[in-house]
>>> print(open('protein.txt').read())   # compact mmCIF, C-alpha atoms
# COMPACT_ATOMS: atom_id res chain seq x y z
CA MET A 144 -36.80 -9.91 -15.26
CA SER A 145 -33.32 -10.02 -13.69
CA VAL A 146 -31.46 -6.69 -13.45
CA ILE A 147 -28.28 -8.63 -14.33
CA SER A 148 -28.17 -10.99 -17.32
CA VAL A 149 -26.27 -14.28 -17.43
CA GLY A 150 -23.74 -12.74 -19.82
CA GLN A 151 -23.14 -9.82 -17.49
CA ALA A 152 -22.85 -12.27 -14.58
CA VAL A 153 -20.02 -14.09 -16.40
CA VAL A 154 -18.11 -10.81 -16.82
CA LEU A 155 -18.70 -9.70 -13.24
CA GLY A 156 -17.80 -13.14 -11.89
CA ALA A 157 -14.50 -13.05 -13.76
CA VAL A 158 -13.76 -9.53 -12.49
CA GLU A 159 -14.57 -10.61 -8.92
CA GLY A 160 -12.40 -13.72 -9.20
CA VAL A 161 -9.38 -11.83 -10.53
CA THR A 162 -9.55 -8.88 -8.15
CA GLU A 163 -10.94 -10.20 -4.84
CA PHE A 164 -7.56 -11.15 -3.40
CA LEU A 165 -5.29 -8.84 -5.39
CA PRO A 166 -4.78 -5.52 -3.57
CA VAL A 167 -6.60 -3.56 -6.28
CA SER A 168 -10.18 -3.50 -4.88
CA SER A 169 -12.69 -6.02 -6.19
CA THR A 170 -15.59 -3.78 -5.12
CA GLY A 171 -14.09 -0.85 -7.01
CA HIS A 172 -13.57 -2.87 -10.17
CA LEU A 173 -17.06 -4.37 -9.97
CA LYS A 174 -18.61 -0.91 -9.65
CA ILE A 175 -16.57 0.38 -12.60
CA VAL A 176 -17.55 -2.56 -14.82
CA GLU A 177 -21.19 -2.32 -13.68
CA GLY A 178 -21.14 1.37 -14.61
CA LEU A 179 -19.69 0.61 -18.05
CA MET A 180 -22.48 -1.96 -18.60
CA ASN A 181 -25.12 0.57 -17.44
CA ILE A 182 -25.98 -1.49 -14.35
CA PRO A 183 -27.06 0.78 -11.45
CA VAL A 184 -24.23 0.41 -8.90
CA ASP A 185 -26.36 1.51 -5.93
CA ASP A 186 -29.32 -0.80 -6.67
CA ASP A 187 -29.99 -3.15 -3.71
CA ALA A 188 -30.07 -6.16 -6.01
CA VAL A 189 -26.73 -5.24 -7.59
CA VAL A 190 -25.08 -4.65 -4.21
CA GLY A 191 -26.42 -8.00 -3.07
CA PHE A 192 -25.22 -9.73 -6.24
CA SER A 193 -21.69 -8.39 -5.72
CA ALA A 194 -21.62 -9.73 -2.16
CA VAL A 195 -23.02 -13.13 -3.12
CA ILE A 196 -20.51 -13.85 -5.91
CA GLN A 197 -17.74 -13.14 -3.38
CA VAL A 198 -18.71 -16.50 -1.88
CA GLY A 199 -17.34 -18.13 -5.02
CA ALA A 200 -13.99 -16.47 -4.45
CA ILE A 201 -14.05 -17.49 -0.79
CA ALA A 202 -14.83 -21.07 -1.80
CA ALA A 203 -11.61 -20.97 -3.82
CA VAL A 204 -9.75 -20.06 -0.61
CA PHE A 205 -11.33 -23.03 1.16
CA VAL A 206 -10.16 -25.37 -1.61
CA TYR A 207 -6.69 -23.85 -2.04
CA PHE A 208 -5.95 -23.74 1.71
CA PHE A 209 -7.94 -26.86 2.59
CA LYS A 210 -5.08 -28.55 4.48
CA ASP A 211 -4.29 -25.38 6.44
CA ILE A 212 -7.93 -24.81 7.32
CA VAL A 213 -8.39 -28.42 8.46
CA ARG A 214 -5.23 -28.11 10.59
CA ILE A 215 -6.41 -24.88 12.24
CA VAL A 216 -9.99 -26.04 12.79
CA SER A 217 -8.77 -29.38 14.17
CA ALA A 218 -6.45 -27.60 16.61
CA TRP A 219 -9.35 -25.36 17.66
CA GLY A 220 -11.55 -28.39 18.27
CA ARG A 221 -8.86 -30.16 20.27
CA GLY A 222 -8.33 -27.02 22.33
CA LEU A 223 -12.01 -26.75 23.15
CA ALA A 224 -12.00 -30.35 24.34
CA HIS A 225 -8.61 -30.51 26.05
CA LYS A 226 -7.07 -27.69 28.10
CA GLU A 227 -3.51 -28.87 27.44
CA GLU A 228 -4.00 -28.22 23.70
CA ARG A 229 -4.78 -24.54 24.18
CA ASP A 230 -1.18 -23.35 23.99
CA HIS A 231 -0.96 -24.49 20.37
CA HIS A 232 -0.56 -21.56 17.95
CA ASP A 233 -3.25 -22.88 15.59
CA TYR A 234 -5.81 -23.02 18.42
CA LYS A 235 -5.08 -19.42 19.34
CA PHE A 236 -5.05 -18.35 15.70
CA ALA A 237 -8.58 -19.73 15.18
CA TRP A 238 -9.87 -17.58 18.05
CA TRP A 239 -7.96 -14.58 16.74
CA VAL A 240 -9.66 -14.86 13.35
CA ILE A 241 -13.07 -15.01 15.05
CA ALA A 242 -12.30 -12.02 17.27
CA ALA A 243 -10.79 -10.01 14.41
CA THR A 244 -14.01 -10.39 12.41
CA VAL A 245 -16.19 -8.76 15.07
CA PRO A 246 -15.24 -5.11 14.27
CA ILE A 247 -16.13 -5.33 10.57
CA VAL A 248 -19.44 -7.06 11.38
CA ILE A 249 -20.42 -4.30 13.82
CA VAL A 250 -19.47 -1.49 11.43
CA GLY A 251 -21.01 -3.27 8.45
CA LEU A 252 -24.40 -3.54 10.15
CA ALA A 253 -24.30 -0.06 11.68
CA ALA A 254 -23.16 1.73 8.52
CA LYS A 255 -25.16 -0.29 5.98
CA PRO A 256 -27.24 2.73 4.76
CA LEU A 257 -24.06 4.73 4.12
CA ILE A 258 -22.21 1.82 2.51
CA GLU A 259 -25.06 1.13 0.08
CA GLY A 260 -25.83 4.82 -0.40
CA PRO A 261 -23.42 7.80 -0.58
CA LEU A 262 -20.27 5.69 -0.13
CA ALA A 263 -21.19 3.55 -3.15
CA SER A 264 -20.38 6.47 -5.47
CA LEU A 265 -17.74 5.93 -8.15
CA TRP A 266 -16.16 9.23 -7.04
CA VAL A 267 -15.44 7.54 -3.71
CA VAL A 268 -14.03 4.51 -5.55
CA ALA A 269 -11.67 6.67 -7.62
CA GLY A 270 -10.39 8.59 -4.60
CA SER A 271 -10.00 5.45 -2.52
CA LEU A 272 -8.02 3.69 -5.25
CA ILE A 273 -5.46 6.50 -5.26
CA VAL A 274 -5.32 7.10 -1.50
CA GLY A 275 -5.05 3.35 -0.89
CA SER A 276 -2.14 3.21 -3.32
CA GLY A 277 -0.22 5.70 -1.21
CA VAL A 278 -0.90 3.69 1.94
CA MET A 279 0.22 0.47 0.26
CA TRP A 280 3.43 2.00 -1.08
CA ALA A 281 4.29 3.52 2.32
CA ALA A 282 3.57 0.23 4.11
CA ASP A 283 5.81 -1.73 1.74
CA GLN A 284 8.62 0.76 2.30
CA MET A 285 8.18 0.95 6.08
CA GLY A 286 7.83 -2.76 6.73
CA ARG A 287 10.96 -4.71 7.63
CA HIS A 288 9.49 -8.01 6.35
CA LYS A 289 11.19 -9.95 9.15
CA ARG A 290 8.26 -11.87 10.71
CA GLY A 291 6.70 -15.02 9.33
CA GLU A 292 3.24 -16.55 9.72
CA ASP A 293 4.17 -18.39 12.93
CA ASP A 294 5.17 -15.05 14.48
CA THR A 295 1.68 -13.54 14.25
CA THR A 296 0.02 -12.46 17.49
CA PHE A 297 -3.45 -11.54 18.73
CA LYS A 298 -2.56 -7.87 18.30
CA ASP A 299 -1.57 -8.49 14.67
CA ALA A 300 -4.83 -10.30 13.92
CA MET A 301 -6.99 -7.60 15.53
CA LEU A 302 -5.24 -4.72 13.79
CA VAL A 303 -5.21 -6.43 10.41
CA GLY A 304 -8.81 -7.63 10.80
CA SER A 305 -10.01 -4.18 11.84
CA SER A 306 -8.34 -2.62 8.79
CA GLN A 307 -10.96 -4.37 6.64
CA ILE A 308 -13.31 -1.61 7.76
CA LEU A 309 -11.46 0.83 5.48
CA ALA A 310 -12.46 -1.18 2.42
CA LEU A 311 -16.00 -1.58 3.71
CA LEU A 312 -16.50 2.17 4.10
CA PHE A 313 -14.43 3.25 1.11
CA PRO A 314 -14.93 0.90 -1.86
CA GLY A 315 -11.79 1.20 -3.93
CA PHE A 316 -9.47 1.09 -0.92
CA SER A 317 -9.36 -2.73 -1.20
CA ARG A 318 -9.83 -5.23 1.60
CA SER A 319 -6.71 -7.10 0.52
CA GLY A 320 -4.79 -3.86 0.17
CA ALA A 321 -5.81 -2.64 3.63
CA THR A 322 -5.05 -5.92 5.38
CA MET A 323 -1.77 -6.55 3.58
CA SER A 324 -0.61 -2.96 4.19
CA THR A 325 -1.40 -3.21 7.90
CA ALA A 326 0.41 -6.54 8.14
CA LEU A 327 3.47 -5.07 6.39
CA ILE A 328 3.53 -2.11 8.80
CA LEU A 329 3.58 -4.71 11.59
CA ASP A 330 6.75 -6.13 9.95
CA LEU A 331 5.26 -9.37 8.60
CA ASP A 332 6.86 -10.53 5.38
CA ARG A 333 4.83 -10.29 2.16
CA VAL A 334 3.85 -13.96 2.02
CA ALA A 335 2.76 -13.99 5.68
CA ALA A 336 0.83 -10.75 5.13
CA THR A 337 -0.92 -12.20 2.10
CA ARG A 338 -1.84 -15.48 3.79
CA LEU A 339 -3.14 -13.64 6.88
CA SER A 340 -5.29 -11.51 4.58
CA PHE A 341 -6.75 -14.67 3.04
CA PHE A 342 -7.62 -16.29 6.37
CA LEU A 343 -9.17 -13.12 7.81
CA GLY A 344 -11.27 -12.71 4.68
CA ILE A 345 -12.96 -16.10 5.02
CA PRO A 346 -15.53 -15.30 7.78
CA ALA A 347 -16.06 -11.67 6.74
CA LEU A 348 -16.75 -12.33 3.06
CA THR A 349 -18.68 -15.55 3.63
CA GLY A 350 -20.92 -13.83 6.16
CA ALA A 351 -21.50 -10.86 3.84
CA GLY A 352 -22.47 -13.15 0.97
CA ILE A 353 -24.96 -15.13 3.04
CA TYR A 354 -26.42 -11.94 4.56
CA GLU A 355 -26.92 -10.30 1.15
CA LEU A 356 -28.35 -13.39 -0.61
CA LYS A 357 -31.94 -12.57 0.37
CA ASP A 358 -31.60 -9.01 -0.95
CA ALA A 359 -30.09 -10.14 -4.24
CA LEU A 360 -32.86 -12.67 -4.92
CA GLY A 361 -35.67 -10.60 -3.46
CA ALA A 362 -34.74 -7.37 -5.22
CA GLY A 363 -34.49 -8.62 -8.78
CA VAL A 364 -31.47 -10.83 -9.54
CA GLY A 365 -32.35 -14.22 -11.00
CA VAL A 366 -31.03 -17.51 -9.67
CA ALA A 367 -29.20 -18.27 -12.94
CA PRO A 368 -27.06 -15.07 -12.97
CA LEU A 369 -26.22 -15.56 -9.29
CA ALA A 370 -25.18 -19.18 -9.83
CA VAL A 371 -23.15 -18.43 -12.97
CA GLY A 372 -21.41 -15.42 -11.42
CA THR A 373 -20.49 -17.41 -8.32
CA VAL A 374 -19.09 -20.37 -10.27
CA VAL A 375 -17.04 -18.16 -12.58
CA SER A 376 -15.75 -16.25 -9.56
CA PHE A 377 -14.62 -19.51 -7.93
CA VAL A 378 -12.70 -20.78 -10.97
CA VAL A 379 -10.96 -17.49 -11.70
CA ALA A 380 -10.20 -16.75 -8.02
CA TYR A 381 -8.43 -20.10 -7.58
CA GLY A 382 -5.96 -19.20 -10.32
CA SER A 383 -5.59 -15.69 -8.93
CA ILE A 384 -4.69 -16.99 -5.45
CA ALA A 385 -2.02 -19.34 -6.81
CA TRP A 386 -0.50 -16.56 -8.91
CA LEU A 387 -0.51 -13.96 -6.11
CA LEU A 388 1.31 -16.16 -3.58
CA LYS A 389 4.06 -16.85 -6.11
CA PHE A 390 4.27 -13.19 -7.09
CA VAL A 391 4.59 -11.72 -3.57
CA ALA A 392 7.33 -14.22 -2.69
CA LYS A 393 9.67 -12.44 -5.13
CA HIS A 394 8.23 -8.98 -5.83
CA SER A 395 7.17 -5.80 -4.03
CA PHE A 396 3.66 -4.35 -4.29
CA ASN A 397 4.81 -1.51 -6.57
CA ALA A 398 3.10 -2.96 -9.64
CA PHE A 399 -0.24 -2.90 -7.83
CA VAL A 400 0.39 0.64 -6.60
CA ILE A 401 1.02 1.91 -10.14
CA TYR A 402 -1.97 0.02 -11.54
CA ARG A 403 -4.31 1.44 -8.89
CA ILE A 404 -3.19 5.00 -9.54
CA VAL A 405 -3.71 4.59 -13.30
CA ILE A 406 -7.20 3.13 -12.83
CA GLY A 407 -8.10 5.81 -10.29
CA VAL A 408 -7.01 8.67 -12.58
CA MET A 409 -8.83 7.09 -15.55
CA LEU A 410 -11.98 6.74 -13.47
CA PHE A 411 -11.83 10.39 -12.41
CA GLY A 412 -11.55 11.27 -16.10
CA LEU A 413 -14.52 9.12 -17.12
CA LEU A 414 -16.65 10.63 -14.35
CA ALA A 415 -15.57 14.21 -15.05
CA THR A 416 -16.42 13.90 -18.77
CA GLY A 417 -19.76 12.27 -18.06
CA THR A 418 -18.75 9.02 -19.77
CA LEU A 419 -19.63 7.20 -16.55
CA ASP A 420 -22.46 8.07 -14.15
CA SER A 421 -21.28 8.15 -10.53
>>> encode(input="protein.txt", output="structure tokens")
Amino acid sequence: MSVISVGQAVVLGAVEGVTEFLPVSSTGHLKIVEGLMNIPVDDDAVVGFSAVIQVGAIAAVFVYFFKDIVRIVSAWGRGLAHKEERDHHDYKFAWWVIAATVPIVIVGLAAKPLIEGPLASLWVVAGSLIVGSGVMWAADQMGRHKRGEDDTTFKDAMLVGSSQILALLFPGFSRSGATMSTALILDLDRVAATRLSFFLGIPALTGAGIYELKDALGAGVGVAPLAVGTVVSFVVAYGSIAWLLKFVAKHSFNAFVIYRIVIGVMLFGLLATGTLDS
């Protein structure tokens, strides 16, 4: 019998789709909702399920940014075949995304027991939500928002890509929040920071989903819940991406900062009163 029902998969897929690319922590929200539904957050099957349905959200990125991805991959292919094409920014950017993914892969494999054990605690999620809010607010204030997407460099990609480790180790910090904050500190504008976060998330999240698929199926999650959760995640994430890009073009990240603090404080309260099991 599956540890996650189809109905629960619909709810979790929707939560994943809404929160994966907003700087509010999809992992944190999934763990909170799993706790409210009495699903064991540190169960191998549940951890695997959460990683697999992320693939649905990533698929939404592939569809939404299809033209951009084809342009970048085509430039990369041309550069591999023709030396004169290697000065093109898209060719370099493709290599930067690959290189910037290496740190999170190394840490993810090395720290897997910690990530799926002590660091999976909802106490960690609550603290990370609040601490991450402070980082995001400071980054938005510090950043001069003067550099666009075409101004990104290898250094930018490596620093932003490496910042994903914060979300990996501290669920609640938010992968999007960490990457966007780092990009803002590097003076990228909000739209460029958001788009860079999307592109850097593609290999990291896709790889995590594929890697965890065997654990999710082998440890007790049925095929139907996995499929339903992934499809729901895809549909909801597509709408979330479109909304976020329009929002950041005209607004600061303050609304997300306030929301994260409220959720973090509420979570501390639920844990302290025993309403939720950590």
>>> closest_residue(input="protein.txt", among="A:Leu327, A:Ala202, A:Val176, A:Ala157", to="Leu265 in chain A", atoms="only C-alpha atoms")
A:Val176
>>> residues_around(input="protein.txt", residues="Ile196 in chain A", least_positions_apart="5", cutoff="7 Å", atoms="all atoms listed in the file", output="mmCIF file with C-alpha atoms, keeping the file's coordinate frame")
data_model
loop_
_atom_site.group_PDB
_atom_site.id
_atom_site.type_symbol
_atom_site.label_atom_id
_atom_site.label_comp_id
_atom_site.auth_asym_id
_atom_site.auth_seq_id
_atom_site.Cartn_x
_atom_site.Cartn_y
_atom_site.Cartn_z
ATOM 1 C CA GLY A 156 -17.800 -13.140 -11.890
ATOM 2 C CA LEU A 369 -26.220 -15.560 -9.290
ATOM 3 C CA GLY A 372 -21.410 -15.420 -11.420
ATOM 4 C CA THR A 373 -20.490 -17.410 -8.320
ATOM 5 C CA SER A 376 -15.750 -16.250 -9.560
#
>>> closest_residue(input="protein.txt", among="A:Thr325, A:Ser317, A:Gln197, A:Ser340", to="Ala269 in chain A", atoms="only C-alpha atoms")
A:Ser317
>>> residues_near_point(input="protein.txt", point="(-7.2, -6.2, 19.0)", cutoff="12 Å", atoms="all atoms listed in the file", output="VMD selection string")
chain A and resid 238 to 246 296 to 306
>>> atom_distance(input="protein.txt", atom1="CA of Glu159 in chain A", atom2="CA of Lys210 in chain A")
24.3 Å
>>> atom_distance(input="protein.txt", atom1="CA of Val278 in chain A", atom2="CA of Gly320 in chain A")
8.7 Å
>>> closest_residue(input="protein.txt", among="A:Phe342, A:Val146, A:Gln284, A:Thr418", to="Val216 in chain A", atoms="all atoms listed in the file")
A:Phe342
>>> atom_distance(input="protein.txt", atom1="CA of Phe341 in chain A", atom2="CA of Arg214 in chain A")
15.5 Å
>>> closest_residue(input="protein.txt", among="A:Ile201, A:Val378, A:Ala326, A:Ile404", to="Pro346 in chain A", atoms="all atoms listed in the file")
A:Ile201
>>> residues_around(input="protein.txt", residues="His394 in chain A", least_positions_apart="6", cutoff="12 Å", atoms="all atoms listed in the file", output="MDAnalysis selection string")
chainID A and resid 283 332:334 386:388
>>> closest_residue(input="protein.txt", among="A:Leu257, A:Val364, A:Val371, A:Val206", to="Val153 in chain A", atoms="all atoms listed in the file")
A:Val371
>>> closest_residue(input="protein.txt", among="A:Asp420, A:Glu163, A:Glu355, A:Asp293", to="Val204 in chain A", atoms="only C-alpha atoms")
A:Glu163
>>> residues_around(input="protein.txt", residues="His231 in chain A", least_positions_apart="5", cutoff="9 Å", atoms="all atoms listed in the file", output="list in words")
Ala218, Trp219, Gly222 and Phe236 of chain A
>>> residues_around(input="protein.txt", residues="Ile328 in chain A", least_positions_apart="5", cutoff="8 Å", atoms="all atoms listed in the file", output="number ranges by chain")
A: 282-283, 285-287
>>> write_last_selection(input="protein.txt", atoms="C-alpha atoms", output="compact mmCIF listing (two decimals), in the frame of the given file")
# COMPACT_ATOMS: atom_id res chain seq x y z
CA ALA A 282 3.57 0.23 4.11
CA ASP A 283 5.81 -1.73 1.74
CA MET A 285 8.18 0.95 6.08
CA GLY A 286 7.83 -2.76 6.73
CA ARG A 287 10.96 -4.71 7.63
>>> residues_around(input="protein.txt", residues="Gly352 in chain A", least_positions_apart="3", cutoff="10 Å", atoms="all atoms listed in the file", output="PyMOL selection string")
chain A and resi 191-199+201+346-349+355-357+359
